[in-house]
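Following: one structure in C-alpha cells, then a few remarks.
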Amino acid sequence: MTDPILHTDLSTLDARRGSTQIELSDDSSSYRCVRTFGAPPERIFRAFTDPADLRIWFPSGAPAGSDLTVCESDTVEGGRYHYEMVIPEYGQMAWHGTYTGVDRPDRLDADEGFVMGEVDPTGPPTAQTLTFEPVGEGFTLMTMEVNMPEPEDPETFMEQSAAGLTTSLNTMDELVSSKP
C-alpha cells in the first residue's frame, strides 16, 4: 500500500479523495483502509462518534433512497452504538457495536455485529481499530483495521463494501472540512 502522507497537495478535497486506499488481506479475513482528512484528529474522532455527524456521512455510501433510521452512540469504553438503515431492494440493515477502547481523539476500538433484517446479531463480531494521526497543518491520517469473523469474497467486497466506504469517507471529509 502506498503511503497517502506522500501526496504532494492535501489542501483540496479532490487530492484527499485520491488518498483513500483500501486493501483486503490475502486470506480475505481483514481489511485496512487509510485516508487523509482535511481536519484535525479531534474533528475526525467526533465525525465517527457523534450521531449528528454520522447521520450526514454514514448513509452517503449506500444506494440512493437509503434512510438511516436509527443512529445512537455512547462513546465510552463499554458503551454501545447502533445504526439501522433501510436500503431500497435490500431492506433493513443494522450495525450493533460495543466500544472496547476509547482514547479520544487518537483511537477507537470496537466489536461490531452486522445484520440484515430485524434480528439481533449472532456469532462472533467484527473487531475494528481506528487511529487518527495528525499530519501537516490541520490534517489527519485515519487508519482503519477491520478483522472479520468470516472471509469476504474479494470481488464482492471491493465492488460493494469498499466502494460504499470510499463514498462515505469522501462525504465525511466534505463535512469536517466545512464544519469545524
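Chain labels A, B, ... are given in the sequence in which chains occur in the C-alpha cells; within each chain residues are numbered consecutively from 1, and ligands are likewise numbered from 1 in the order shown.
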Need to verify the contact set: Tyr99 (chain A), 9 Å, only C-alpha atoms, exclusion of same-chain residues closer than 4 positions in sequence. Can you return it as a compact mmCIF listing (two decimals) with N, CA and C atoms, in the first residue's frame?
# COMPACT_ATOMS: atom_id res chain seq x y z
N ASP A 74 -22.75 5.88 22.27
CA ASP A 74 -22.30 6.22 23.61
C ASP A 74 -20.79 5.94 23.65
N THR A 75 -20.00 6.98 23.32
CA THR A 75 -18.57 6.81 23.07
C THR A 75 -17.75 6.79 24.36
N VAL A 76 -17.89 5.72 25.11
CA VAL A 76 -17.07 5.44 26.28
C VAL A 76 -16.70 3.96 26.21
N GLU A 77 -15.61 3.58 26.84
CA GLU A 77 -15.25 2.17 26.84
C GLU A 77 -16.41 1.37 27.44
N GLY A 78 -16.87 0.35 26.72
CA GLY A 78 -18.03 -0.43 27.13
C GLY A 78 -19.34 0.14 26.63
N GLY A 79 -19.30 1.38 26.10
CA GLY A 79 -20.50 1.99 25.54
C GLY A 79 -20.89 1.31 24.24
N ARG A 80 -22.11 1.55 23.85
CA ARG A 80 -22.63 0.86 22.66
C ARG A 80 -22.98 1.86 21.56
N TYR A 81 -22.99 1.35 20.35
CA TYR A 81 -23.54 2.13 19.24
C TYR A 81 -24.47 1.23 18.43
N LEU A 108 -10.05 4.56 18.39
CA LEU A 108 -11.31 3.90 18.74
C LEU A 108 -11.16 2.42 18.44
N ASP A 109 -11.58 1.57 19.38
CA ASP A 109 -11.64 0.13 19.16
C ASP A 109 -13.07 -0.30 19.40
N ALA A 110 -13.55 -1.23 18.58
CA ALA A 110 -14.94 -1.68 18.74
C ALA A 110 -15.10 -3.09 18.21
N ASP A 111 -16.06 -3.78 18.80
CA ASP A 111 -16.55 -5.05 18.28
C ASP A 111 -17.93 -4.76 17.70
N GLU A 112 -18.18 -5.27 16.49
CA GLU A 112 -19.41 -4.90 15.80
C GLU A 112 -20.06 -6.12 15.16
List as a JSON list (two decimals) with N, CA and C atoms, in the first residue's frame the protein and nucleic acid residues near region 122-130 of chain A, meaning an atom at most 10 Å away when only C-alpha atoms are counted, but skip any in the same chain fewer than 5 places from it.
[["chain", "number", "residue", "atom", "x", "y", "z"],
["A", 29, "SER", "N", -9.77, -12.14, 5.29],
["A", 29, "SER", "CA", -10.38, -12.11, 6.61],
["A", 29, "SER", "C", -10.23, -10.76, 7.30],
["A", 30, "SER", "N", -9.55, -9.82, 6.66],
["A", 30, "SER", "CA", -9.40, -8.49, 7.25],
["A", 30, "SER", "C", -9.16, -7.49, 6.12],
["A", 31, "TYR", "N", -9.37, -6.22, 6.47],
["A", 31, "TYR", "CA", -9.01, -5.18, 5.51],
["A", 31, "TYR", "C", -8.46, -3.97, 6.27],
["A", 32, "ARG", "N", -7.76, -3.16, 5.50],
["A", 32, "ARG", "CA", -7.16, -1.94, 6.03],
["A", 32, "ARG", "C", -7.56, -0.81, 5.10],
["A", 33, "CYS", "N", -8.04, 0.28, 5.70],
["A", 33, "CYS", "CA", -8.40, 1.48, 4.95],
["A", 33, "CYS", "C", -7.58, 2.63, 5.52],
["A", 34, "VAL", "N", -6.95, 3.37, 4.63],
["A", 34, "VAL", "CA", -6.14, 4.53, 5.03],
["A", 34, "VAL", "C", -6.64, 5.72, 4.23],
["A", 45, "PHE", "N", -12.42, 12.28, 14.94],
["A", 45, "PHE", "CA", -12.96, 11.42, 16.01],
["A", 45, "PHE", "C", -14.44, 11.72, 16.23],
["A", 48, "PHE", "N", -16.79, 10.35, 13.59],
["A", 48, "PHE", "CA", -17.01, 8.91, 13.70],
["A", 48, "PHE", "C", -17.91, 8.52, 14.87],
["A", 96, "HIS", "N", -24.57, -3.18, 15.19],
["A", 96, "HIS", "CA", -24.63, -3.15, 16.66],
["A", 96, "HIS", "C", -23.19, -3.26, 17.16],
["A", 97, "GLY", "N", -22.71, -2.26, 17.87],
["A", 97, "GLY", "CA", -21.32, -2.30, 18.30],
["A", 97, "GLY", "C", -21.14, -1.95, 19.76],
["A", 98, "THR", "N", -19.98, -2.37, 20.27],
["A", 98, "THR", "CA", -19.54, -2.02, 21.63],
["A", 98, "THR", "C", -18.13, -1.45, 21.53],
["A", 99, "TYR", "N", -17.95, -0.27, 22.10],
["A", 99, "TYR", "CA", -16.61, 0.33, 22.12],
["A", 99, "TYR", "C", -15.76, -0.43, 23.13],
["A", 100, "THR", "N", -14.69, -1.05, 22.66],
["A", 100, "THR", "CA", -13.81, -1.82, 23.53],
["A", 100, "THR", "C", -12.60, -1.00, 23.97],
["A", 101, "GLY", "N", -12.41, 0.15, 23.36],
["A", 101, "GLY", "CA", -11.34, 1.07, 23.74],
["A", 101, "GLY", "C", -11.62, 2.44, 23.17],
["A", 102, "VAL", "N", -11.44, 3.47, 23.99],
["A", 102, "VAL", "CA", -11.66, 4.85, 23.55],
["A", 102, "VAL", "C", -10.51, 5.69, 24.08],
["A", 106, "ASP", "N", -7.37, 10.03, 19.60],
["A", 106, "ASP", "CA", -6.38, 9.28, 18.84],
["A", 106, "ASP", "C", -6.81, 7.90, 18.34],
["A", 107, "ARG", "N", -7.77, 7.26, 19.05],
["A", 107, "ARG", "CA", -8.04, 5.86, 18.72],
["A", 107, "ARG", "C", -9.43, 5.43, 19.19],
["A", 108, "LEU", "N", -10.05, 4.56, 18.39],
["A", 108, "LEU", "CA", -11.31, 3.90, 18.74],
["A", 108, "LEU", "C", -11.16, 2.42, 18.44],
["A", 109, "ASP", "N", -11.58, 1.57, 19.38],
["A", 109, "ASP", "CA", -11.64, 0.13, 19.16],
["A", 109, "ASP", "C", -13.07, -0.30, 19.40],
["A", 110, "ALA", "N", -13.55, -1.23, 18.58],
["A", 110, "ALA", "CA", -14.94, -1.68, 18.74],
["A", 110, "ALA", "C", -15.10, -3.09, 18.21],
["A", 111, "ASP", "N", -16.06, -3.78, 18.80],
["A", 111, "ASP", "CA", -16.55, -5.05, 18.28],
["A", 111, "ASP", "C", -17.93, -4.76, 17.70],
["A", 112, "GLU", "N", -18.18, -5.27, 16.49],
["A", 112, "GLU", "CA", -19.41, -4.90, 15.80],
["A", 112, "GLU", "C", -20.06, -6.12, 15.16],
["A", 113, "GLY", "N", -21.38, -6.16, 15.28],
["A", 113, "GLY", "CA", -22.18, -7.16, 14.59],
["A", 113, "GLY", "C", -23.02, -6.48, 13.54],
["A", 114, "PHE", "N", -23.13, -7.10, 12.39],
["A", 114, "PHE", "CA", -23.93, -6.57, 11.29],
["A", 114, "PHE", "C", -25.02, -7.58, 10.96],
["A", 115, "VAL", "N", -26.24, -7.09, 10.76],
["A", 115, "VAL", "CA", -27.35, -7.99, 10.42],
["A", 115, "VAL", "C", -28.21, -7.39, 9.32],
["A", 142, "MET", "N", -6.19, 8.81, 8.87],
["A", 142, "MET", "CA", -7.00, 7.79, 9.53],
["A", 142, "MET", "C", -6.57, 6.43, 9.00],
["A", 143, "THR", "N", -6.37, 5.49, 9.94],
["A", 143, "THR", "CA", -6.14, 4.10, 9.56],
["A", 143, "THR", "C", -7.21, 3.26, 10.23],
["A", 144, "MET", "N", -7.92, 2.48, 9.42],
["A", 144, "MET", "CA", -8.99, 1.61, 9.91],
["A", 144, "MET", "C", -8.55, 0.17, 9.64],
["A", 145, "GLU", "N", -8.43, -0.60, 10.71],
["A", 145, "GLU", "CA", -8.09, -2.03, 10.61],
["A", 145, "GLU", "C", -9.33, -2.82, 11.03],
["A", 146, "VAL", "N", -9.80, -3.71, 10.17],
["A", 146, "VAL", "CA", -11.02, -4.47, 10.45],
["A", 146, "VAL", "C", -10.73, -5.96, 10.26],
["A", 147, "ASN", "N", -10.97, -6.72, 11.33],
["A", 147, "ASN", "CA", -10.82, -8.17, 11.30],
["A", 147, "ASN", "C", -12.20, -8.80, 11.31],
["A", 148, "MET", "N", -12.51, -9.51, 10.24],
["A", 148, "MET", "CA", -13.85, -10.07, 10.05],
["A", 148, "MET", "C", -13.90, -11.53, 10.50],
["A", 149, "PRO", "N", -15.00, -11.94, 11.10],
["A", 149, "PRO", "CA", -15.10, -13.33, 11.56],
["A", 149, "PRO", "C", -15.17, -14.34, 10.42],
["A", 150, "GLU", "N", -15.66, -13.91, 9.27],
["A", 150, "GLU", "CA", -15.76, -14.77, 8.09],
["A", 150, "GLU", "C", -15.06, -14.08, 6.93]]
Exercise for review: Could you give me the residues within region 17-158 of chain A that DSSP places in helix (DSSP H, G or I), as a VMD selection string?
Suggested key: chain A and resid 17 41 to 49 51 to 61 154 to 158
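Those residues that approach Met85 (chain A) to within 7 Å, counting only C-alpha atoms, are Ser66, Asp67, Leu68, Thr69, Gln92, Met93 and Ala94 of chain A; same-chain residues fewer than 6 positions away are not listed.
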I need the residues from that last selection saved to file as a PDB file, in the first residue's frame (with N, CA and C atoms), if you can.
ATOM      1  N   SER A  66     -31.696   5.408   0.376  1.00  0.00           N
ATOM      2  CA  SER A  66     -31.458   4.759   1.671  1.00  0.00           C
ATOM      3  C   SER A  66     -31.741   5.739   2.791  1.00  0.00           C
ATOM      4  N   ASP A  67     -32.219   5.211   3.916  1.00  0.00           N
ATOM      5  CA  ASP A  67     -32.605   6.058   5.038  1.00  0.00           C
ATOM      6  C   ASP A  67     -32.005   5.515   6.331  1.00  0.00           C
ATOM      7  N   LEU A  68     -31.203   6.329   7.004  1.00  0.00           N
ATOM      8  CA  LEU A  68     -30.642   5.962   8.299  1.00  0.00           C
ATOM      9  C   LEU A  68     -31.704   6.265   9.348  1.00  0.00           C
ATOM     10  N   THR A  69     -32.341   5.221   9.867  1.00  0.00           N
ATOM     11  CA  THR A  69     -33.490   5.396  10.757  1.00  0.00           C
ATOM     12  C   THR A  69     -33.120   5.409  12.230  1.00  0.00           C
ATOM     13  N   GLN A  92     -33.908  -3.676   5.593  1.00  0.00           N
ATOM     14  CA  GLN A  92     -33.246  -3.143   6.780  1.00  0.00           C
ATOM     15  C   GLN A  92     -31.888  -3.813   7.016  1.00  0.00           C
ATOM     16  N   MET A  93     -30.910  -2.980   7.379  1.00  0.00           N
ATOM     17  CA  MET A  93     -29.587  -3.441   7.795  1.00  0.00           C
ATOM     18  C   MET A  93     -29.276  -2.747   9.105  1.00  0.00           C
ATOM     19  N   ALA A  94     -28.546  -3.432   9.975  1.00  0.00           N
ATOM     20  CA  ALA A  94     -28.229  -2.828  11.268  1.00  0.00           C
ATOM     21  C   ALA A  94     -26.810  -3.176  11.688  1.00  0.00           C
TER      22      ALA A  94
END
Review point. Near Ala39 (chain A), within 10 Å and counting only C-alpha atoms, which residues show up once chain neighbours fewer than 3 positions away are dropped, as a PyMOL selection string?
Key: chain A and resi 36+42-44+134-135+137-141+173-180
Take the residues just selected and output them with C-alpha atoms as a PDB file, in the first residue's frame.
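Saved result, out37.pdb, follows:
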ATOM      1  CA  THR A  36      -6.253  11.644   4.822  1.00  0.00           C
ATOM      2  CA  GLU A  42     -10.418  15.826  17.289  1.00  0.00           C
ATOM      3  CA  ARG A  43     -12.826  16.644  14.440  1.00  0.00           C
ATOM      4  CA  ILE A  44     -12.387  13.268  12.725  1.00  0.00           C
ATOM      5  CA  PRO A 134      -2.125  14.445  12.881  1.00  0.00           C
ATOM      6  CA  VAL A 135      -0.434  15.131   9.536  1.00  0.00           C
ATOM      7  CA  GLU A 137      -1.152  21.631   9.285  1.00  0.00           C
ATOM      8  CA  GLY A 138      -4.669  20.587  10.315  1.00  0.00           C
ATOM      9  CA  PHE A 139      -4.884  17.236   8.521  1.00  0.00           C
ATOM     10  CA  THR A 140      -5.458  13.713   9.869  1.00  0.00           C
ATOM     11  CA  LEU A 141      -4.331  10.345   8.621  1.00  0.00           C
ATOM     12  CA  ASP A 173     -14.247  14.850   4.522  1.00  0.00           C
ATOM     13  CA  GLU A 174     -16.593  17.417   2.946  1.00  0.00           C
ATOM     14  CA  LEU A 175     -18.399  17.667   6.304  1.00  0.00           C
ATOM     15  CA  VAL A 176     -15.325  18.014   8.533  1.00  0.00           C
ATOM     16  CA  SER A 177     -13.602  20.418   6.122  1.00  0.00           C
ATOM     17  CA  SER A 178     -16.592  22.759   6.083  1.00  0.00           C
ATOM     18  CA  LYS A 179     -17.907  22.455   9.686  1.00  0.00           C
ATOM     19  CA  PRO A 180     -15.107  22.587  12.269  1.00  0.00           C
TER      20      PRO A 180
END
Review point. When distances are computed from only C-alpha atoms, which of A:Glu84, A:Glu23, A:Glu72, A:Asp9 shows the smallest separation from Pro59 (chain A)?
Key: A:Glu84
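For Arg46 (chain A), the residues within 10 Å (counting only C-alpha atoms, excluding itself and residues fewer than 5 positions away along the chain) are A:Pro41, A:Pro51, A:Ala52, A:Asp53, A:Leu54, A:Thr75, A:Arg104, A:Pro105, A:Val176.
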Review point. CA of Ala62 (chain A) to CA of Ile87 (chain A): how many Å, to one decimal?
Key: 7.3 Å
Check your understanding: What is the CA of Val86 (chain A) to CA of Leu24 (chain A) distance in Å?
Key -> 26.5 Å
Exercise for review: Return as a VMD selection string the full set of residues in region 72-126 of chain A whose backbone-based DSSP assignment is strand (DSSP E or B).
Suggested key: chain A and resid 72 to 73 80 to 87 91 to 103 107 to 116 126
Might you pull out every residue within 10 Å of Ser161 (chain A), with only C-alpha atoms counted and same-chain residues fewer than 6 positions away left off, and present them as a CSV table (one decimal) with C-alpha atoms, in the first residue's frame?
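Result file part00.csv:
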chain,number,residue,atom,x,y,z
A,61,GLY,CA,-22.2,5.3,0.5
A,62,ALA,CA,-25.5,3.4,0.3
A,152,GLU,CA,-15.2,-12.0,2.3
A,155,GLU,CA,-14.6,-9.2,-5.8
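Checking A:Pro151, A:His82, A:Met172, A:Ala162 one by one against Ser28 (chain A), counting only C-alpha atoms, you find the shortest gap at A:Pro151.
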What's the 8 Å shell around region 15-19 of chain A, counting only C-alpha atoms, without same-chain residues fewer than 5 positions away, as a short mmCIF file (atom, residue, chain, number, x, y, z; two decimals) with C-alpha atoms, in the first residue's frame?
data_model
loop_
_atom_site.label_atom_id
_atom_site.label_comp_id
_atom_site.auth_asym_id
_atom_site.auth_seq_id
_atom_site.Cartn_x
_atom_site.Cartn_y
_atom_site.Cartn_z
CA PRO A 4 -1.04 8.59 1.45
CA HIS A 7 0.53 13.13 -1.54
CA ASP A 9 -1.10 18.50 -2.09
CA LEU A 10 -3.61 17.72 0.64
CA VAL A 34 -6.14 4.53 5.03
CA ARG A 35 -7.30 8.06 4.23
CA THR A 36 -6.25 11.64 4.82
CA PHE A 37 -8.88 14.16 6.00
CA GLY A 38 -8.86 17.97 5.94
CA ASN A 170 -15.49 11.41 0.88
#
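Take CA of Pro88 (chain A) and CA of Gly65 (chain A): the distance between them is 6.5 Å.
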